[in-house]
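Printed here is protein11.tsv (TSV, C-alpha atoms and all ligand atoms):
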```tsv
chain	number	residue	atom	x	y	z
A	1	MET	CA	-41.85	-48.78	-13.26
A	2	PRO	CA	-41.82	-45.11	-14.30
A	3	THR	CA	-40.57	-44.39	-17.78
A	4	LEU	CA	-37.87	-41.79	-18.16
A	5	GLN	CA	-40.54	-39.32	-19.28
A	6	VAL	CA	-42.64	-39.98	-16.18
A	7	ALA	CA	-39.63	-39.50	-13.91
A	8	GLU	CA	-38.68	-36.29	-15.71
A	9	ALA	CA	-42.24	-34.95	-15.52
A	10	SER	CA	-42.44	-35.72	-11.83
A	11	ASN	CA	-39.10	-33.97	-11.23
A	12	ALA	CA	-40.27	-30.99	-13.26
A	13	ALA	CA	-43.14	-30.55	-10.80
A	14	PHE	CA	-40.68	-29.89	-7.97
A	15	SER	CA	-41.12	-26.22	-7.17
A	16	PRO	CA	-40.25	-25.59	-3.53
A	17	THR	CA	-41.49	-22.52	-1.70
A	18	TYR	CA	-38.30	-22.54	0.39
A	19	ILE	CA	-34.60	-22.56	-0.61
A	20	PRO	CA	-33.73	-26.26	-0.55
A	21	ILE	CA	-30.36	-27.26	0.89
A	22	ALA	CA	-28.92	-30.31	-0.86
A	23	VAL	CA	-25.61	-32.03	-0.15
A	24	PHE	CA	-24.13	-34.40	-2.74
A	25	ALA	CA	-21.26	-36.39	-1.22
A	26	GLY	CA	-19.68	-37.74	-4.41
A	27	GLY	CA	-21.09	-34.89	-6.47
A	28	THR	CA	-17.97	-34.23	-8.53
A	29	SER	CA	-18.58	-37.04	-11.02
A	30	GLY	CA	-20.96	-39.77	-12.08
A	31	VAL	CA	-24.48	-40.13	-10.75
A	32	GLY	CA	-23.93	-37.61	-7.93
A	33	GLN	CA	-22.75	-34.96	-10.38
A	34	ALA	CA	-25.68	-35.59	-12.72
A	35	MET	CA	-28.15	-35.40	-9.83
A	36	ALA	CA	-26.66	-32.12	-8.60
A	37	GLU	CA	-26.82	-30.69	-12.12
A	38	ALA	CA	-30.44	-31.78	-12.57
A	39	PHE	CA	-31.31	-30.35	-9.15
A	40	ALA	CA	-29.67	-27.02	-10.05
A	41	ARG	CA	-31.54	-26.86	-13.36
A	42	GLN	CA	-34.87	-27.75	-11.76
A	43	THR	CA	-34.54	-25.04	-9.10
A	44	ASN	CA	-33.07	-22.60	-11.62
A	45	GLY	CA	-30.13	-22.35	-9.24
A	46	LEU	CA	-32.31	-21.08	-6.40
A	47	ALA	CA	-30.94	-23.64	-3.97
A	48	HIS	CA	-28.02	-24.16	-1.64
A	49	ILE	CA	-26.10	-26.97	-3.31
A	50	ILE	CA	-22.97	-28.46	-1.76
A	51	LEU	CA	-20.74	-30.84	-3.68
A	52	ILE	CA	-18.40	-32.98	-1.59
A	53	GLY	CA	-15.42	-34.77	-3.14
A	54	ARG	CA	-11.69	-34.35	-3.59
A	55	ASN	CA	-11.27	-32.72	-6.98
A	56	ALA	CA	-11.69	-28.95	-6.51
A	57	GLU	CA	-10.98	-28.09	-10.12
A	58	VAL	CA	-13.68	-30.37	-11.51
A	59	ALA	CA	-16.07	-29.18	-8.81
A	60	GLN	CA	-15.61	-25.53	-9.77
A	61	THR	CA	-16.34	-26.34	-13.42
A	62	ILE	CA	-19.55	-28.14	-12.43
A	63	LEU	CA	-20.63	-25.32	-10.12
A	64	ALA	CA	-19.93	-22.70	-12.79
A	65	SER	CA	-22.33	-24.49	-15.14
A	66	PHE	CA	-25.28	-24.17	-12.71
A	67	PRO	CA	-27.91	-21.53	-13.55
A	68	LYS	CA	-27.56	-18.40	-11.41
A	69	PRO	CA	-30.78	-16.75	-10.21
A	70	ALA	CA	-31.33	-13.05	-10.83
A	71	PRO	CA	-31.26	-10.80	-7.72
A	72	SER	CA	-35.02	-10.29	-8.07
A	73	GLU	CA	-35.57	-14.05	-7.67
A	74	GLY	CA	-34.39	-13.99	-4.07
A	75	ASP	CA	-31.30	-14.67	-2.02
A	76	GLY	CA	-30.17	-17.43	0.29
A	77	TRP	CA	-28.91	-19.56	-2.56
A	78	ALA	CA	-25.31	-20.78	-2.79
A	79	HIS	CA	-23.35	-23.27	-4.87
A	80	GLU	CA	-20.20	-24.53	-3.19
A	81	PHE	CA	-17.61	-27.26	-3.01
A	82	VAL	CA	-16.30	-28.88	0.16
A	83	GLN	CA	-13.20	-31.01	-0.07
A	84	CYS	CA	-13.12	-34.28	1.85
A	85	GLU	CA	-11.29	-37.60	1.77
A	86	ALA	CA	-14.28	-39.85	2.36
A	87	THR	CA	-12.33	-42.91	3.47
A	88	SER	CA	-10.99	-40.98	6.46
A	89	MET	CA	-13.51	-40.84	9.27
A	90	LYS	CA	-11.57	-38.03	10.89
A	91	ALA	CA	-11.83	-35.99	7.69
A	92	VAL	CA	-15.53	-36.79	7.30
A	93	ARG	CA	-16.19	-35.78	10.90
A	94	ALA	CA	-14.34	-32.51	10.46
A	95	VAL	CA	-16.35	-31.65	7.35
A	96	CYS	CA	-19.62	-32.61	9.02
A	97	ALA	CA	-18.82	-30.59	12.12
A	98	ALA	CA	-17.99	-27.53	10.01
A	99	LEU	CA	-21.22	-27.86	8.03
A	100	ARG	CA	-23.21	-28.32	11.21
A	101	THR	CA	-21.98	-25.04	12.61
A	102	ARG	CA	-22.84	-22.99	9.55
A	103	LEU	CA	-25.89	-24.69	8.01
A	104	GLU	CA	-29.32	-24.12	9.43
A	105	ARG	CA	-30.75	-27.36	8.01
A	106	ILE	CA	-30.34	-29.99	5.30
A	107	ASN	CA	-33.22	-31.12	3.12
A	108	PHE	CA	-31.47	-33.65	0.90
A	109	LEU	CA	-28.32	-35.63	1.62
A	110	VAL	CA	-27.16	-37.86	-1.25
A	111	LEU	CA	-24.28	-40.30	-0.68
A	112	THR	CA	-22.63	-41.64	-3.84
A	113	ALA	CA	-18.87	-41.53	-3.30
A	114	SER	CA	-17.15	-44.46	-4.91
A	115	GLY	CA	-13.81	-45.23	-6.51
A	116	PRO	CA	-11.41	-47.89	-7.75
A	117	LYS	CA	-10.54	-49.23	-4.30
A	118	ALA	CA	-14.19	-49.51	-3.32
A	119	ASN	CA	-15.01	-51.26	-6.61
A	120	SER	CA	-11.97	-53.50	-6.76
A	121	MET	CA	-12.59	-57.22	-6.95
A	122	VAL	CA	-8.85	-57.75	-6.62
A	123	GLU	CA	-7.39	-55.60	-3.92
A	124	CYS	CA	-8.35	-55.59	-0.29
A	125	GLY	CA	-6.69	-53.66	2.48
A	126	GLU	CA	-7.11	-51.23	5.32
A	127	THR	CA	-7.30	-47.47	5.47
A	128	PRO	CA	-4.72	-45.73	7.71
A	129	GLU	CA	-7.49	-45.65	10.35
A	130	GLY	CA	-7.75	-49.45	10.26
A	131	LEU	CA	-11.05	-49.77	8.40
A	132	ASP	CA	-11.58	-52.08	5.47
A	133	ASN	CA	-10.97	-50.16	2.22
A	134	HIS	CA	-14.26	-51.20	0.69
A	135	LEU	CA	-16.35	-50.58	3.79
A	136	ALA	CA	-14.74	-47.22	4.58
A	137	MET	CA	-16.01	-45.82	1.29
A	138	ARG	CA	-19.19	-47.81	0.87
A	139	TYR	CA	-20.44	-47.87	4.43
A	140	THR	CA	-18.68	-46.12	7.31
A	141	SER	CA	-18.44	-42.43	6.41
A	142	PRO	CA	-22.09	-41.44	7.27
A	143	GLU	CA	-21.39	-38.75	9.98
A	144	LEU	CA	-23.18	-37.67	6.85
A	145	ASP	CA	-25.21	-40.96	8.18
A	146	THR	CA	-24.11	-44.65	8.63
A	147	SER	CA	-21.89	-46.29	5.83
A	148	THR	CA	-18.18	-46.14	7.01
A	149	SER	CA	-18.24	-42.90	5.14
A	150	ARG	CA	-21.97	-43.03	4.87
A	151	VAL	CA	-22.58	-43.75	8.59
A	152	THR	CA	-20.23	-41.16	9.94
A	153	CYS	CA	-21.97	-38.37	8.04
A	154	THR	CA	-25.53	-39.15	8.97
A	155	GLN	CA	-25.15	-40.17	12.54
A	156	LYS	CA	-24.13	-37.18	14.57
A	157	SER	CA	-23.45	-34.31	12.27
A	158	TYR	CA	-26.36	-34.29	9.91
A	159	SER	CA	-29.22	-35.63	11.96
A	160	PRO	CA	-29.91	-32.33	13.76
A	161	LEU	CA	-29.85	-30.46	10.45
A	162	LEU	CA	-32.25	-32.94	8.86
A	163	ALA	CA	-34.48	-32.81	11.92
A	164	ARG	CA	-34.63	-29.02	11.69
A	165	ALA	CA	-35.84	-29.22	8.09
A	166	ARG	CA	-38.73	-31.37	9.33
A	167	GLU	CA	-39.50	-28.90	12.11
A	168	TYR	CA	-40.00	-26.32	9.36
A	169	GLY	CA	-42.38	-28.68	7.56
A	170	GLN	CA	-39.86	-29.28	4.78
A	171	PRO	CA	-38.60	-32.59	3.37
A	172	ALA	CA	-35.58	-34.26	4.95
A	173	HIS	CA	-34.24	-37.23	3.01
A	174	VAL	CA	-30.99	-39.19	3.14
A	175	MET	CA	-30.31	-41.29	0.05
A	176	THR	CA	-27.43	-43.72	-0.25
A	177	ILE	CA	-26.84	-44.95	-3.78
A	178	LEU	CA	-25.19	-48.35	-3.94
A	179	GLY	CA	-26.62	-51.86	-4.20
A	180	ALA	CA	-30.18	-52.02	-2.88
A	181	GLY	CA	-32.18	-55.13	-3.67
A	182	LEU	CA	-29.23	-57.17	-4.93
A	183	GLY	CA	-29.82	-59.90	-2.37
A	184	PHE	CA	-26.69	-59.45	-0.24
A	185	LYS	CA	-27.15	-60.33	3.42
A	186	ILE	CA	-25.75	-58.77	6.60
A	187	PRO	CA	-23.73	-61.51	8.33
A	188	SER	CA	-23.25	-61.86	12.06
A	189	ASP	CA	-19.49	-62.35	12.18
A	190	ASP	CA	-16.30	-60.80	10.82
A	191	LEU	CA	-18.20	-57.57	10.20
A	192	GLY	CA	-15.02	-55.55	9.66
A	193	LEU	CA	-13.64	-58.24	7.31
A	194	ALA	CA	-10.36	-58.61	9.23
A	195	ALA	CA	-10.55	-62.42	9.03
A	196	ALA	CA	-11.43	-62.30	5.33
A	197	ARG	CA	-8.43	-60.09	4.62
A	198	ALA	CA	-6.12	-62.29	6.69
A	199	GLY	CA	-7.25	-65.32	4.70
A	200	THR	CA	-6.64	-63.72	1.32
A	201	VAL	CA	-4.16	-65.60	-0.82
A	202	LYS	CA	-1.36	-63.17	-1.60
A	203	MET	CA	-0.08	-65.09	-4.63
A	204	LEU	CA	-1.21	-63.42	-7.84
A	205	GLN	CA	-2.83	-60.63	-5.85
A	206	GLY	CA	-3.66	-57.87	-8.28
A	207	ALA	CA	-4.32	-60.36	-11.03
A	208	VAL	CA	-7.21	-62.46	-9.86
A	209	ILE	CA	-10.39	-61.91	-7.89
A	210	SER	CA	-9.88	-61.80	-4.13
A	211	THR	CA	-12.60	-63.26	-1.93
A	212	ALA	CA	-11.99	-60.53	0.66
A	213	ALA	CA	-12.42	-57.80	-1.97
A	214	MET	CA	-15.58	-59.46	-3.26
A	215	LYS	CA	-16.91	-59.68	0.28
A	216	GLY	CA	-16.08	-56.00	0.77
A	217	MET	CA	-18.16	-55.06	-2.26
A	218	MET	CA	-21.13	-57.20	-1.29
A	219	ARG	CA	-21.01	-56.29	2.39
A	220	GLY	CA	-21.03	-52.59	1.58
A	221	ALA	CA	-24.33	-53.05	-0.24
A	222	ALA	CA	-25.83	-55.16	2.54
A	223	TYR	CA	-24.64	-52.83	5.29
A	224	ASN	CA	-26.35	-49.88	3.61
A	225	ASP	CA	-29.66	-51.70	4.14
A	226	GLY	CA	-28.82	-51.87	7.83
A	227	LEU	CA	-27.74	-48.25	7.81
A	228	VAL	CA	-31.00	-46.87	6.43
A	229	ALA	CA	-33.09	-49.16	8.64
A	230	TRP	CA	-31.26	-48.15	11.78
A	231	PHE	CA	-31.37	-44.44	11.05
A	232	ALA	CA	-35.05	-44.59	10.12
A	233	ALA	CA	-35.73	-46.21	13.48
A	234	GLN	CA	-33.78	-43.47	15.27
A	235	HIS	CA	-35.44	-40.68	13.29
A	236	PRO	CA	-38.96	-41.78	12.33
A	237	ASP	CA	-39.76	-38.35	10.92
A	238	ILE	CA	-36.94	-38.40	8.32
A	239	ALA	CA	-36.77	-40.42	5.07
A	240	PHE	CA	-33.87	-42.82	4.48
A	241	THR	CA	-33.41	-44.59	1.16
A	242	HIS	CA	-31.00	-47.19	-0.12
A	243	ILE	CA	-31.25	-47.33	-3.91
A	244	TYR	CA	-29.54	-49.19	-6.76
A	245	PRO	CA	-28.56	-47.02	-9.75
A	246	GLY	CA	-28.31	-49.87	-12.27
A	247	GLN	CA	-25.40	-50.01	-14.70
A	248	VAL	CA	-24.45	-46.43	-15.44
A	249	ALA	CA	-21.82	-45.06	-17.80
A	250	THR	CA	-19.62	-43.31	-15.23
A	251	ALA	CA	-15.98	-43.51	-14.23
A	252	GLY	CA	-17.11	-46.02	-11.61
A	253	LYS	CA	-19.16	-48.17	-13.98
A	254	LEU	CA	-16.60	-50.93	-14.34
A	255	PHE	CA	-15.79	-53.33	-11.59
A	256	TYR	CA	-12.08	-54.05	-11.33
A	257	PRO	CA	-11.41	-57.79	-11.64
A	258	GLY	CA	-7.63	-57.53	-12.14
A	259	TRP	CA	-5.62	-57.51	-15.36
A	260	LEU	CA	-6.05	-61.23	-15.94
A	261	LEU	CA	-9.82	-60.94	-16.15
A	262	THR	CA	-10.14	-57.40	-17.52
A	263	PRO	CA	-11.36	-58.66	-20.93
A	264	LEU	CA	-14.18	-60.40	-19.03
A	265	ALA	CA	-15.17	-57.06	-17.48
A	266	TRP	CA	-15.28	-55.49	-20.94
A	267	ILE	CA	-17.52	-58.25	-22.26
A	268	VAL	CA	-19.84	-58.06	-19.24
A	269	GLY	CA	-19.92	-54.25	-19.54
A	270	TYR	CA	-20.79	-54.53	-23.22
A	271	LEU	CA	-23.56	-57.05	-22.67
A	272	ARG	CA	-25.23	-55.21	-19.80
A	273	HIS	CA	-27.67	-52.42	-20.36
A	274	VAL	CA	-25.65	-49.35	-19.44
A	275	ILE	CA	-27.46	-46.00	-19.30
A	276	PRO	CA	-26.02	-42.45	-19.32
A	277	GLN	CA	-25.55	-40.78	-15.92
A	278	ASP	CA	-28.05	-38.03	-16.80
A	279	GLU	CA	-30.77	-40.62	-17.38
A	280	CYS	CA	-29.96	-42.42	-14.13
A	281	ALA	CA	-30.04	-39.07	-12.32
A	282	GLN	CA	-33.66	-38.51	-13.35
A	283	TYR	CA	-34.72	-41.80	-11.74
A	284	MET	CA	-32.66	-41.11	-8.63
A	285	LEU	CA	-34.04	-37.58	-8.33
A	286	HIS	CA	-37.55	-38.88	-8.79
A	287	ALA	CA	-36.98	-41.17	-5.78
A	288	LEU	CA	-35.29	-38.41	-3.78
A	289	LEU	CA	-38.26	-36.08	-4.15
A	290	ASP	CA	-40.81	-38.81	-3.46
A	291	ALA	CA	-40.46	-39.78	0.20
A	292	GLU	CA	-41.77	-38.21	3.34
A	293	HIS	CA	-40.45	-40.41	6.12
A	294	GLY	CA	-39.46	-43.99	6.84
A	295	VAL	CA	-37.07	-46.43	5.25
A	296	PHE	CA	-37.13	-47.24	1.53
A	297	ILE	CA	-35.39	-49.93	-0.51
A	298	ARG	CA	-35.60	-48.91	-4.18
A	299	ASP	CA	-34.50	-50.24	-7.55
A	300	ASN	CA	-32.77	-48.51	-10.45
A	301	HIS	CA	-35.98	-46.89	-11.69
A	302	GLY	CA	-36.78	-45.51	-8.26
A	303	ASP	CA	-39.51	-48.05	-7.68
A	304	VAL	CA	-40.06	-48.95	-4.05
A	305	LEU	CA	-39.16	-52.60	-3.46
A	306	SER	CA	-40.15	-52.24	0.18
A	307	SER	CA	-40.63	-49.60	2.82
A	308	HIS	CA	-41.49	-49.20	6.46
A	309	VAL	CA	-42.52	-46.27	8.59
A	310	PHE	CA	-41.69	-46.52	12.27
A	311	PRO	CA	-44.28	-45.07	14.64
A	312	PRO	CA	-43.17	-41.71	16.09
A	313	ASP	CA	-42.78	-43.11	19.59
A	314	HIS	CA	-40.81	-46.11	18.37
A	315	GLN	CA	-37.78	-46.85	20.48
A	316	ALA	CA	-35.37	-48.57	18.10
A	317	ARG	CA	-35.25	-52.15	19.21
A	318	PHE	CA	-33.10	-54.18	16.92
A	319	ALA	CA	-32.70	-57.29	18.95
A	320	ASP	CA	-33.94	-60.84	18.71
A	321	ASP	CA	-35.74	-61.28	15.42
A	322	SER	CA	-33.28	-63.15	13.20
A	323	ARG	CA	-35.57	-63.56	10.20
A	324	VAL	CA	-33.65	-62.21	7.22
A	325	GLY	CA	-35.70	-59.76	5.19
A	326	PHE	CA	-37.86	-58.66	8.14
A	327	LEU	CA	-37.67	-55.22	9.71
A	328	ASP	CA	-39.58	-54.47	12.90
A	329	GLY	CA	-41.73	-57.54	12.19
A	330	VAL	CA	-42.52	-56.44	8.61
A	331	PRO	CA	-41.37	-58.44	5.54
A	332	MET	CA	-39.19	-56.23	3.32
A	333	LYS	CA	-38.53	-57.22	-0.30
A	334	GLY	CA	-34.90	-56.77	-1.30
A	335	TYR	CA	-33.76	-56.05	2.26
A	336	GLY	CA	-30.65	-57.93	3.40
A	337	GLY	CA	-30.91	-57.51	7.16
A	338	SER	CA	-32.69	-59.04	10.08
A	339	ASP	CA	-33.27	-57.06	13.27
A	340	ALA	CA	-30.62	-59.18	14.99
A	341	THR	CA	-27.95	-58.70	12.30
A	342	VAL	CA	-28.64	-54.94	12.06
A	343	ALA	CA	-28.21	-54.69	15.84
A	344	GLY	CA	-24.89	-56.53	15.49
A	345	LEU	CA	-23.82	-54.29	12.62
A	346	ILE	CA	-24.55	-51.11	14.55
A	347	ASP	CA	-22.75	-52.46	17.59
A	348	TYR	CA	-19.71	-53.28	15.44
A	349	THR	CA	-19.85	-49.87	13.72
A	350	GLU	CA	-20.06	-47.91	16.97
A	351	ARG	CA	-17.12	-49.83	18.39
A	352	ALA	CA	-15.03	-49.44	15.21
A	353	LEU	CA	-15.74	-45.71	14.97
A	354	SER	CA	-15.17	-45.09	18.67
A	355	THR	CA	-11.47	-45.90	18.29
A	356	ILE	CA	-10.89	-43.36	15.50
B	1	LIG	N1	-21.93	-46.68	-12.14
B	1	LIG	C1	-22.46	-47.89	-12.00
B	1	LIG	O1	-22.70	-48.62	-12.96
B	1	LIG	C2	-22.82	-48.37	-10.62
B	1	LIG	C3	-23.37	-49.66	-10.49
B	1	LIG	C4	-23.74	-50.09	-9.22
B	1	LIG	C5	-23.57	-49.26	-8.11
B	1	LIG	N2	-23.02	-48.04	-8.27
B	1	LIG	C6	-22.85	-47.18	-7.08
B	1	LIG	O2	-23.53	-45.96	-7.29
B	1	LIG	C7	-22.83	-44.88	-6.65
B	1	LIG	C8	-22.48	-43.84	-7.71
B	1	LIG	O3	-21.70	-44.46	-8.70
B	1	LIG	P1	-20.87	-43.61	-9.77
B	1	LIG	O4	-20.54	-44.57	-10.87
B	1	LIG	O5	-21.57	-42.36	-10.05
B	1	LIG	O6	-19.55	-43.31	-8.94
B	1	LIG	P2	-18.28	-42.53	-9.45
B	1	LIG	O7	-18.48	-41.92	-10.78
B	1	LIG	O8	-17.14	-43.47	-9.30
B	1	LIG	O9	-18.27	-41.36	-8.36
B	1	LIG	C9	-17.15	-40.99	-7.82
B	1	LIG	C10	-17.44	-39.87	-6.83
B	1	LIG	O10	-16.91	-40.29	-5.61
B	1	LIG	C11	-15.96	-39.33	-5.20
B	1	LIG	N3	-14.84	-39.99	-4.55
B	1	LIG	C12	-14.11	-41.04	-5.00
B	1	LIG	N4	-13.16	-41.35	-4.11
B	1	LIG	C13	-13.31	-40.46	-3.09
B	1	LIG	C14	-12.62	-40.27	-1.87
B	1	LIG	N5	-11.61	-41.07	-1.51
B	1	LIG	N6	-13.02	-39.27	-1.06
B	1	LIG	C15	-14.04	-38.44	-1.42
B	1	LIG	N7	-14.74	-38.59	-2.55
B	1	LIG	C16	-14.35	-39.58	-3.37
B	1	LIG	C17	-15.48	-38.67	-6.48
B	1	LIG	O11	-15.00	-37.37	-6.17
B	1	LIG	P3	-13.50	-36.90	-6.46
B	1	LIG	O12	-13.08	-37.49	-7.75
B	1	LIG	O13	-13.65	-35.41	-6.48
B	1	LIG	O14	-12.73	-37.40	-5.30
B	1	LIG	C18	-16.77	-38.59	-7.25
B	1	LIG	O15	-17.53	-37.48	-6.86
B	1	LIG	C19	-21.61	-45.52	-6.00
B	1	LIG	O16	-21.91	-45.83	-4.66
B	1	LIG	C20	-21.40	-46.80	-6.80
B	1	LIG	O17	-20.73	-47.80	-6.07
B	1	LIG	C21	-22.64	-47.56	-9.50
```
Hey, can you dump this file as structure tokens for me?
Amino acid sequence: MPTLQVAEASNAAFSPTYIPIAVFAGGTSGVGQAMAEAFARQTNGLAHIILIGRNAEVAQTILASFPKPAPSEGDGWAHEFVQCEATSMKAVRAVCAALRTRLERINFLVLTASGPKANSMVECGETPEGLDNHLAMRYTSPELDTSTSRVTCTQKSYSPLLARAREYGQPAHVMTILGAGLGFKIPSDDLGLAAARAGTVKMLQGAVISTAAMKGMMRGAAYNDGLVAWFAAQHPDIAFTHIYPGQVATAGKLFYPGWLLTPLAWIVGYLRHVIPQDECAQYMLHALLDAEHGVFIRDNHGDVLSSHVFPPDHQARFADDSRVGFLDGVPMKGYGGSDATVAGLIDYTERALSTI
């Protein structure tokens, strides 16, 4: 486990000979903001940094705080905000398509968007596009890659840009920050949680924990394992990481158990070891800068719980192996998928996204 000083020292050694292009989806607060700020400081602003979120005012304040390189230090740098409602796959696709037309490449894509609906242990529901509220934010929007928001981003729009970075001999790394290594499994049925939502007891909804909401939270974490595994198989030359940030003092730090149990959340929050977002960002950045290619499951200090590199000629074959915790025949610590359940998840995801 690296200490904070080790992580900071390793980050301080990052001195690219190219202008890195880094996208932080969820970069307007919390861990994503702190990572973007640390990245800007480390590059002395000589980077193309894109914050994605909804709050333009906050974004402009963050961007204004970044160091600005002198003209003699070179050009090609930019610090910008792109507005996007991440639970809408149509909106995510539009943003990704626009970025694809004007960006030459992407070196780092960090997915951290979160929010009260995604963290609610009480409320479950559907987005206007018919996706589960929790999964839309935590999984599906990856046309930046594969979570409902995370899947949509990565899949079509960003892959060519990441691939181009590799063609230039530069790093290309997608990092989704959620719940790696927490032991949640990818199931084989009710992947969109429609049955779970239908079975939710409406009485006292908003006051007590809902099983469908709990499932939404846990599934999001598990599905992100499947997401990084599947993308790594499709793109063996690119790095894909699912990482757990630990308990971090951000707006999203509290889970939402409903008013009846809110005092319990306060007690749990008090008892847990909660670290500042700047400290978490150093560990996350350390992991972001420390991967060449393959799939990585990492803990809150950036330590690799497990990893796998697919051979370059690997044709993704998620099929029959139903052993949970195995990927491509390799045991993976902290990994919640099996090849069979990841295949089922991707099949479900492609079908769900094809109707939007
Ligand atoms: N903090 C913790 O203790 C903790 C623990 C375990 C896991 N995690 C996970 O780690 C990641 C980062 O957590 P965090 O605490 O830093 O999150 P956070 O502070 O809640 O981050 C919120 C970010 O998500 C964006 N966002 C929220 N709703 C959005 C929407 N509908 N559309 C677009 N963007 C939206 C926000 O931007 P706008 O406000 O501009 O919309 C902001 O940039 C999340 O995946 C979280 O689930 C956190």
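Distance annotation: of A:Lys185, A:His286, A:Arg166, A:His173, the residue with the minimal separation from A:Thr241 is A:His173; atom set is all atoms listed in the file.
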With a distance cut-off of 12 Å and only C-alpha atoms, select the neighbouring residues of A:Leu327, excluding the residue or stretch itself and same-chain residues fewer than 5 positions from it, and output the selection as a count of residues only. 35
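Nearest to ligand LIG 1 (chain B) of all the residues A:Ile106, A:Met214, A:Cys84, A:Leu345 is A:Cys84, based on all atoms listed in the file.
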I'd like a table as CSV: residues in chain A with an atom no more than 7 Å from ligand LIG 1 (chain B), each row giving the shortest atom pair and its distance in Å to one decimal, all atoms listed in the file counted, sorted by chain and rising residue number.
```
residue,atom,partner,partner_atom,distance
A:Ala25,CA,B:LIG1,O15,6.8
A:Gly26,CA,B:LIG1,O15,3.3
A:Gly27,CA,B:LIG1,O15,4.4
A:Thr28,CA,B:LIG1,O15,3.7
A:Ser29,CA,B:LIG1,O15,4.3
A:Gly30,CA,B:LIG1,O5,3.3
A:Val31,CA,B:LIG1,O5,3.7
A:Gly32,CA,B:LIG1,O5,5.7
A:Gln33,CA,B:LIG1,O15,6.8
A:Ile52,CA,B:LIG1,N7,6.8
A:Gly53,CA,B:LIG1,O13,3.8
A:Arg54,CA,B:LIG1,O14,3.6
A:Asn55,CA,B:LIG1,O13,3.6
A:Ala56,CA,B:LIG1,O13,6.8
A:Cys84,CA,B:LIG1,C15,5.4
A:Glu85,CA,B:LIG1,N6,3.7
A:Ala86,CA,B:LIG1,N6,3.7
A:Thr87,CA,B:LIG1,N5,5.4
A:Thr112,CA,B:LIG1,C7,4.3
A:Ala113,CA,B:LIG1,O10,3.3
A:Ser114,CA,B:LIG1,O10,4.2
A:Gly115,CA,B:LIG1,C12,4.5
A:Asn119,CA,B:LIG1,O17,6.7
A:Arg138,CA,B:LIG1,O16,6.5
A:Ile177,CA,B:LIG1,O2,4.9
A:Leu178,CA,B:LIG1,C6,4.1
A:Gly179,CA,B:LIG1,C5,5.6
A:Tyr244,CA,B:LIG1,C5,6.1
A:Pro245,CA,B:LIG1,O2,5.7
A:Gly246,CA,B:LIG1,C3,5.3
A:Gln247,CA,B:LIG1,O1,3.5
A:Val248,CA,B:LIG1,O1,3.7
A:Ala249,CA,B:LIG1,N1,5.9
A:Thr250,CA,B:LIG1,O4,4.6
A:Ala251,CA,B:LIG1,O7,4.5
A:Gly252,CA,B:LIG1,O8,3.4
A:Lys253,CA,B:LIG1,N1,3.6
A:Leu254,CA,B:LIG1,O1,6.7
```
What is the atom CA of A:Glu37 to atom CA of A:Phe108 distance in Å? 14.1 Å
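Proximity of A:Val304, A:Ile49, A:Val330, A:Ala291 to A:Gln170, computed with all atoms listed in the file, is greatest for A:Ala291.
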Contacts of A:Ala163 at 10 Å (only C-alpha atoms; same-chain gap of 6+ positions) as an mmCIF file with C-alpha atoms, in the coordinates of the input:
```cif
data_model
loop_
_atom_site.group_PDB
_atom_site.id
_atom_site.type_symbol
_atom_site.label_atom_id
_atom_site.label_comp_id
_atom_site.auth_asym_id
_atom_site.auth_seq_id
_atom_site.Cartn_x
_atom_site.Cartn_y
_atom_site.Cartn_z
ATOM 1 C CA ARG A 105 -30.750 -27.360 8.010
ATOM 2 C CA ILE A 106 -30.340 -29.990 5.300
ATOM 3 C CA ASN A 107 -33.220 -31.120 3.120
ATOM 4 C CA GLY A 169 -42.380 -28.680 7.560
ATOM 5 C CA GLN A 170 -39.860 -29.280 4.780
ATOM 6 C CA PRO A 171 -38.600 -32.590 3.370
ATOM 7 C CA ALA A 172 -35.580 -34.260 4.950
ATOM 8 C CA HIS A 173 -34.240 -37.230 3.010
ATOM 9 C CA HIS A 235 -35.440 -40.680 13.290
ATOM 10 C CA ASP A 237 -39.760 -38.350 10.920
ATOM 11 C CA ILE A 238 -36.940 -38.400 8.320
#
```
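Distance annotation: of A:Pro276, A:Pro160, A:Gly45, A:Gly125, the residue with the minimal separation from A:Ala195 is A:Gly125; atom set is all atoms listed in the file.
Interatomic distance, atom CA of A:Ala136 against atom CA of A:Pro187: 17.3 Å.
In terms of minimum interatomic distance to A:Leu161, A:Leu109 ranks closest within A:Ile50, A:His293, A:Asp313, A:Leu109, counting only C-alpha atoms.
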What is the atom CA of A:Leu131-atom CA of A:Ala352 distance in Å, reported with one decimal? 7.9 Å
May I have the residues within 8 Å of A:Asn300 as a VMD selection string, using all atoms listed in the file and disregarding those fewer than 2 positions away in the same chain? chain A and resid 243 to 246 280 283 to 284 298 302 to 303
Please determine, counting all atoms listed in the file, which residue among A:Ile19, A:Val92, A:Val82, A:Ala180 has the shortest atom-to-atom distance to A:Glu104. A:Ile19
Which neighbours of stretch 16-18 of chain A fall inside 10 Å, counting only C-alpha atoms, when residues of the same chain fewer than 5 positions from it are skipped, and could you give them as number ranges by chain? A: 43, 46-47, 76, 168, 170-171
